[in-house]
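Engineer: This is the structure I want to talk about, given as structure tokens.
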Amino acid sequence: MTVPFREARIDLDAIADNVRHLRALTGVDVIAVVKADAYGHGAAAAAVAALSGGANRLGVAEIAEALALRRQGIHAPIMAWLHQPGETFVEAAAADVEVGISSFDQLEAAGNAASVDRPVGIHLKLETGLSRNGVAPRDWQRVFAEAARLERIGRVRIVGLFSHLSNTSPQDDRAALARFDEGVQAAASFGIHAEILHIAATAAAIELPESRLDAVRIGIGLYGLSPFDDRSSGELGLRPAMTLRAAVAAVRRVPAGTGVSYGYVHRTDRDTTLALVPLGYADGVPRQASDRGPVTIGGRRFMVAGRIAMDQFVVDVGDTHVAVGDEVVLFGDPTLGVPSATEWANAASTINYEIVTRIGPRVPRRGA
Ligand SMILES: Cc1ncc(COP(=O)(O)O)c(C=O)c1O
């Protein structure tokens, strides 16, 4: 079988299975987080897979991402929580996209975007310690009073109250959870009884049972990657969905002492074979992993030799027989003997989230 030039294979069954696993583990609803093109996996396909695995709702950052999913025929409840200044919510309302509300002004805009017979679905976001968006405690009373009024007159439907954790430590997350609970009580005193309370993303959903509430917002876990430094996907019962691979584009035999790629940060220490891989930092392969990122070629493990360039990098394969067209796997499911996205993250001093999310548009995503 011919190996594609470059490809990110997306195992959609793995996404569905990861949702099933996390629903069973947590026992609550799953909001599948498919922002940023589903962390690089392809938003629409990942959303469909997550819903088939039992996800109850979808979450994205921006309204534009939600509208794109609607255009692709996805009718499940979707919420979007990061808005441009002056956002009117008119398009969101027309497409039945629920919106996260972080300020009084956003609340007013949402109320104004309602049509006569259809309130805008909102999730009030409470600031509980992450210091990003979310209504600050000093504004809770004013915002709750107005939200309750808008709900009474049919302009908004308060679907959710939510917040987001810092994952600093269990103590910090419990403190945020306690602040959230104060917010929920304060909202109740204004007659607000949201349909769902949600605060946990993947890490807390797994680690902090009391944070599960009515729903968990699962991003990285959907894609089968671990949010923890000390536990692998396999240990969490998750299966990585993305395999990044390419075909060897050129092979050359070189003598000892040959400089490899820009800056000659690598020189061969013996007569050896160099294989050229057509993936570079334009494709999201981090340049910081130069001279150490792991790959497998024909099932054997090697490392990037020298600098990763925009479109390509070199692997020193020694005396192993490698031919043009052979399969190179950068990362995938490590239980199958290939490197993990987390190994690339370690090689580049970053997190696995960034490794998969930054895979560029030049790399075709194909369902496996
Ligand atoms: C508000 C919010 N909820 C949930 C998530 C999902 O987080 P994770 O990928 O850690 O599950 C994110 C992602 O950053 C987020 O911004």
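We name chains A, B, ... following the order of the structure tokens; residues begin at 1 in each chain, and ligands are numbered from 1 as shown.
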If we count only C-alpha atoms and set the cut-off at 9 Å, which residues sit around segment 299-316 of chain A, ignoring sequence neighbours fewer than 2 positions away in its own chain? Please answer as a PyMOL selection string.

Structural biologist: chain A and resi 259-268+272-283+285-297+318+327-329+337-339

Engineer: When you look at Glu87 of chain A with a cut-off of 12 Å (counting only C-alpha atoms), what residues show up, excluding the ones that are within fewer than 6 positions of it in the same chain? I need them as a list in words.

Structural biologist: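 Non-adjacent residues within range: Glu62, Ile63, Ala64, Trp81, Ala93, Val99, Gly100, Ile101, Ser103, Asp105, Gln106, Leu107, Glu108, Ala109, Ala110, Asn112 and Ala113 of chain A.
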
Engineer: Hey, which residues come within 8 Å of ligand 1 if we count only C-alpha atoms and all ligand atoms? Could you give them as a PyMOL selection string?

Structural biologist: chain A and resi 33+35+59+61+81+163-164+199-203+217-222+227+353

Engineer: May I have the residues from that selection written out with C-alpha atoms, as a short mmCIF file (atom, residue, chain, number, x, y, z; two decimals), in the first residue's frame?

Structural biologist:
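Below is the file result-v5.cif, written as the result:
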```cif
data_model
loop_
_atom_site.label_atom_id
_atom_site.label_comp_id
_atom_site.auth_asym_id
_atom_site.auth_seq_id
_atom_site.Cartn_x
_atom_site.Cartn_y
_atom_site.Cartn_z
CA VAL A 33 -14.94 20.37 23.29
CA LYS A 35 -12.71 24.16 19.43
CA GLY A 59 -18.41 23.25 23.15
CA ALA A 61 -14.47 28.88 21.86
CA TRP A 81 -17.74 31.10 25.25
CA SER A 163 -16.60 28.09 35.26
CA HIS A 164 -13.15 26.71 34.42
CA ILE A 199 -16.84 23.31 35.75
CA ALA A 200 -14.56 20.32 35.09
CA ALA A 201 -12.46 19.78 31.96
CA THR A 202 -10.66 16.45 31.36
CA ALA A 203 -8.20 16.58 34.27
CA ARG A 217 -16.35 19.57 29.31
CA ILE A 218 -13.97 17.10 27.73
CA GLY A 219 -11.32 18.26 25.26
CA ILE A 220 -7.98 16.51 25.41
CA GLY A 221 -9.50 13.28 26.71
CA LEU A 222 -11.74 13.10 23.65
CA PRO A 227 -3.73 15.86 30.65
CA TYR A 353 -2.35 19.75 23.47
#
```

Engineer: Could you give me, as a PyMOL selection string, the residues within 12 Å of segment 356-363 of chain A, counting only C-alpha atoms and dropping anything in the same chain fewer than 6 positions from it?

Structural biologist: chain A and resi 4-10+34-43+219-220+223-225+240-246+278-286+310-311+330-332+340-345+350

Engineer: Using N, CA and C atoms, can you write the selected residues to a file as a tab-separated table (two decimals), in the first residue's frame?

Structural biologist:
```
chain	number	residue	atom	x	y	z
A	4	PRO	N	0.90	7.77	2.18
A	4	PRO	CA	0.68	9.15	1.74
A	4	PRO	C	1.90	10.03	2.04
A	5	PHE	N	2.05	11.09	1.24
A	5	PHE	CA	3.18	12.00	1.40
A	5	PHE	C	3.22	12.55	2.83
A	6	ARG	N	2.08	13.10	3.24
A	6	ARG	CA	1.89	13.55	4.63
A	6	ARG	C	0.45	13.24	5.00
A	7	GLU	N	0.22	12.89	6.22
A	7	GLU	CA	-1.16	12.58	6.61
A	7	GLU	C	-1.31	12.59	8.13
A	8	ALA	N	-2.46	13.11	8.58
A	8	ALA	CA	-2.87	12.90	9.98
A	8	ALA	C	-4.07	11.97	9.91
A	9	ARG	N	-3.87	10.73	10.31
A	9	ARG	CA	-4.98	9.77	10.32
A	9	ARG	C	-5.75	9.98	11.61
A	10	ILE	N	-7.06	10.10	11.48
A	10	ILE	CA	-7.89	10.36	12.67
A	10	ILE	C	-8.77	9.13	12.90
A	34	VAL	N	-14.75	20.84	20.92
A	34	VAL	CA	-14.21	20.66	19.56
A	34	VAL	C	-13.71	21.98	18.99
A	35	LYS	N	-13.29	22.89	19.88
A	35	LYS	CA	-12.71	24.16	19.43
A	35	LYS	C	-11.39	23.91	18.71
A	36	ALA	N	-10.90	24.97	18.04
A	36	ALA	CA	-9.61	24.91	17.35
A	36	ALA	C	-9.54	23.67	16.45
A	37	ASP	N	-10.61	23.53	15.63
A	37	ASP	CA	-10.69	22.39	14.69
A	37	ASP	C	-10.52	21.07	15.44
A	38	ALA	N	-11.20	20.99	16.59
A	38	ALA	CA	-11.12	19.77	17.41
A	38	ALA	C	-9.66	19.44	17.71
A	39	TYR	N	-8.95	20.45	18.26
A	39	TYR	CA	-7.55	20.29	18.64
A	39	TYR	C	-6.75	19.71	17.46
A	40	GLY	N	-7.12	20.19	16.25
A	40	GLY	CA	-6.38	19.75	15.05
A	40	GLY	C	-6.90	18.48	14.41
A	41	HIS	N	-7.96	17.88	14.97
A	41	HIS	CA	-8.42	16.59	14.45
A	41	HIS	C	-9.50	16.71	13.37
A	42	GLY	N	-10.01	17.94	13.15
A	42	GLY	CA	-11.10	18.14	12.20
A	42	GLY	C	-12.42	18.23	12.97
A	43	ALA	N	-12.97	19.47	13.04
A	43	ALA	CA	-14.07	19.71	13.99
A	43	ALA	C	-15.33	18.90	13.67
A	219	GLY	N	-12.09	17.95	26.47
A	219	GLY	CA	-11.32	18.26	25.26
A	219	GLY	C	-10.26	17.21	25.04
A	220	ILE	N	-9.13	17.35	25.70
A	220	ILE	CA	-7.98	16.51	25.41
A	220	ILE	C	-8.28	15.01	25.55
A	223	TYR	N	-9.61	13.22	22.55
A	223	TYR	CA	-8.63	12.88	21.51
A	223	TYR	C	-7.66	11.81	22.01
A	224	GLY	N	-7.95	11.29	23.21
A	224	GLY	CA	-7.21	10.14	23.73
A	224	GLY	C	-5.87	10.48	24.33
A	225	LEU	N	-5.67	11.76	24.68
A	225	LEU	CA	-4.39	12.16	25.27
A	225	LEU	C	-4.57	12.46	26.75
A	240	PRO	N	-5.28	7.34	21.82
A	240	PRO	CA	-4.99	8.51	20.99
A	240	PRO	C	-5.63	8.39	19.61
A	241	ALA	N	-6.26	9.49	19.17
A	241	ALA	CA	-7.00	9.44	17.92
A	241	ALA	C	-6.15	9.83	16.71
A	242	MET	N	-5.10	10.62	16.92
A	242	MET	CA	-4.35	11.12	15.75
A	242	MET	C	-3.03	10.37	15.58
A	243	THR	N	-2.79	9.93	14.33
A	243	THR	CA	-1.47	9.40	13.97
A	243	THR	C	-0.91	10.31	12.88
A	244	LEU	N	0.25	10.89	13.14
A	244	LEU	CA	0.88	11.77	12.15
A	244	LEU	C	1.96	10.97	11.44
A	245	ARG	N	1.83	10.88	10.11
A	245	ARG	CA	2.80	10.07	9.37
A	245	ARG	C	3.12	10.71	8.02
A	246	ALA	N	4.16	10.17	7.39
A	246	ALA	CA	4.58	10.67	6.09
A	246	ALA	C	5.35	9.56	5.38
A	278	PRO	N	9.13	14.55	4.82
A	278	PRO	CA	8.53	15.80	4.32
A	278	PRO	C	7.51	16.43	5.27
A	279	LEU	N	7.92	16.68	6.48
A	279	LEU	CA	7.08	17.40	7.46
A	279	LEU	C	7.99	18.39	8.18
A	280	GLY	N	7.51	19.61	8.38
A	280	GLY	CA	8.35	20.60	9.05
A	280	GLY	C	7.52	21.50	9.93
A	281	TYR	N	8.13	22.61	10.34
A	281	TYR	CA	7.39	23.45	11.28
A	281	TYR	C	6.21	24.14	10.63
A	282	ALA	N	6.17	24.23	9.28
A	282	ALA	CA	4.96	24.74	8.63
A	282	ALA	C	3.80	23.78	8.84
A	283	ASP	N	4.12	22.55	9.11
A	283	ASP	CA	3.08	21.54	9.35
A	283	ASP	C	2.81	21.37	10.84
A	284	GLY	N	3.48	22.15	11.66
A	284	GLY	CA	3.26	22.06	13.10
A	284	GLY	C	4.25	21.18	13.83
A	285	VAL	N	5.23	20.64	13.12
A	285	VAL	CA	6.26	19.84	13.81
A	285	VAL	C	7.19	20.84	14.49
A	286	PRO	N	7.27	20.81	15.81
A	286	PRO	CA	7.95	21.91	16.51
A	286	PRO	C	9.46	21.93	16.27
A	310	MET	N	11.32	24.18	7.66
A	310	MET	CA	9.91	24.54	7.45
A	310	MET	C	9.09	23.37	6.89
A	311	ASP	N	9.72	22.62	5.98
A	311	ASP	CA	8.95	21.60	5.27
A	311	ASP	C	9.47	20.19	5.48
A	330	LEU	N	5.42	9.86	13.19
A	330	LEU	CA	5.94	10.77	14.23
A	330	LEU	C	5.29	10.46	15.56
A	331	PHE	N	3.96	10.34	15.55
A	331	PHE	CA	3.29	9.95	16.79
A	331	PHE	C	1.94	9.34	16.49
A	332	GLY	N	1.46	8.59	17.45
A	332	GLY	CA	0.15	7.92	17.33
A	332	GLY	C	-0.14	7.24	18.65
A	340	SER	N	4.52	8.71	21.14
A	340	SER	CA	3.27	9.40	21.51
A	340	SER	C	3.43	10.90	21.27
A	341	ALA	N	2.29	11.59	21.18
A	341	ALA	CA	2.32	13.06	21.07
A	341	ALA	C	2.99	13.64	22.32
A	342	THR	N	2.84	12.95	23.44
A	342	THR	CA	3.45	13.44	24.68
A	342	THR	C	4.98	13.39	24.59
A	343	GLU	N	5.53	12.37	23.93
A	343	GLU	CA	7.00	12.34	23.76
A	343	GLU	C	7.46	13.55	22.93
A	344	TRP	N	6.69	13.88	21.89
A	344	TRP	CA	7.04	15.08	21.10
A	344	TRP	C	6.91	16.34	21.95
A	345	ALA	N	5.89	16.35	22.81
A	345	ALA	CA	5.71	17.51	23.69
A	345	ALA	C	6.93	17.64	24.60
A	350	THR	N	6.86	21.39	25.63
A	350	THR	CA	5.49	21.92	25.62
A	350	THR	C	4.55	20.82	26.08
```

Engineer: Mind checking DSSP for segment 35-248 of chain A and telling me the strand (DSSP E) residues as a PyMOL selection string?

Structural biologist: chain A and resi 57-60+78-80+98-101+120-125+156-162+196-198+215-218+242-247

Engineer: Do a neighbour search on Ala49 of chain A at 9 Å with only C-alpha atoms, toss out local chain neighbours closer than 5 positions, and write the hits as a PyMOL selection string.

Structural biologist: chain A and resi 12-17+19+44+54-55

Engineer: Which of these residues is nearest to Ala176 of chain A, using only C-alpha atoms: A:Gly129, A:Pro364, A:Gly134, A:Gly234?

Structural biologist: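 Selected residue with least distance to Ala176 of chain A: A:Gly129.
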
Engineer: What residues in segment 141-211 of chain A get the DSSP label helix (DSSP H, G or I)? Please answer as an MDAnalysis selection string.

Structural biologist: chainID A and resid 141:152 170:189 202:207 209:211

Engineer: Report the distance between atom CA of Pro119 of chain A and atom CA of Arg155 of chain A in Å, rounded to one decimal place.

Structural biologist: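 Answer for the atom CA of Pro119 of chain A to atom CA of Arg155 of chain A separation: 4.3 Å.
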
Engineer: With only C-alpha atoms as the basis for distance, which of A:Arg142, A:Arg132, A:Lys125, A:Arg239 is at the shortest distance from Val184 of chain A?

Structural biologist: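 The answer is A:Lys125, which sits nearest to Val184 of chain A.
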
Engineer: May I ask which of the residues A:Thr258, A:Val97, A:Phe104, A:Ser226 is the closest one to Ile351 of chain A, counting only C-alpha atoms?

Structural biologist: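 When distances to Ile351 of chain A are compared using only C-alpha atoms, the smallest one comes from A:Ser226.
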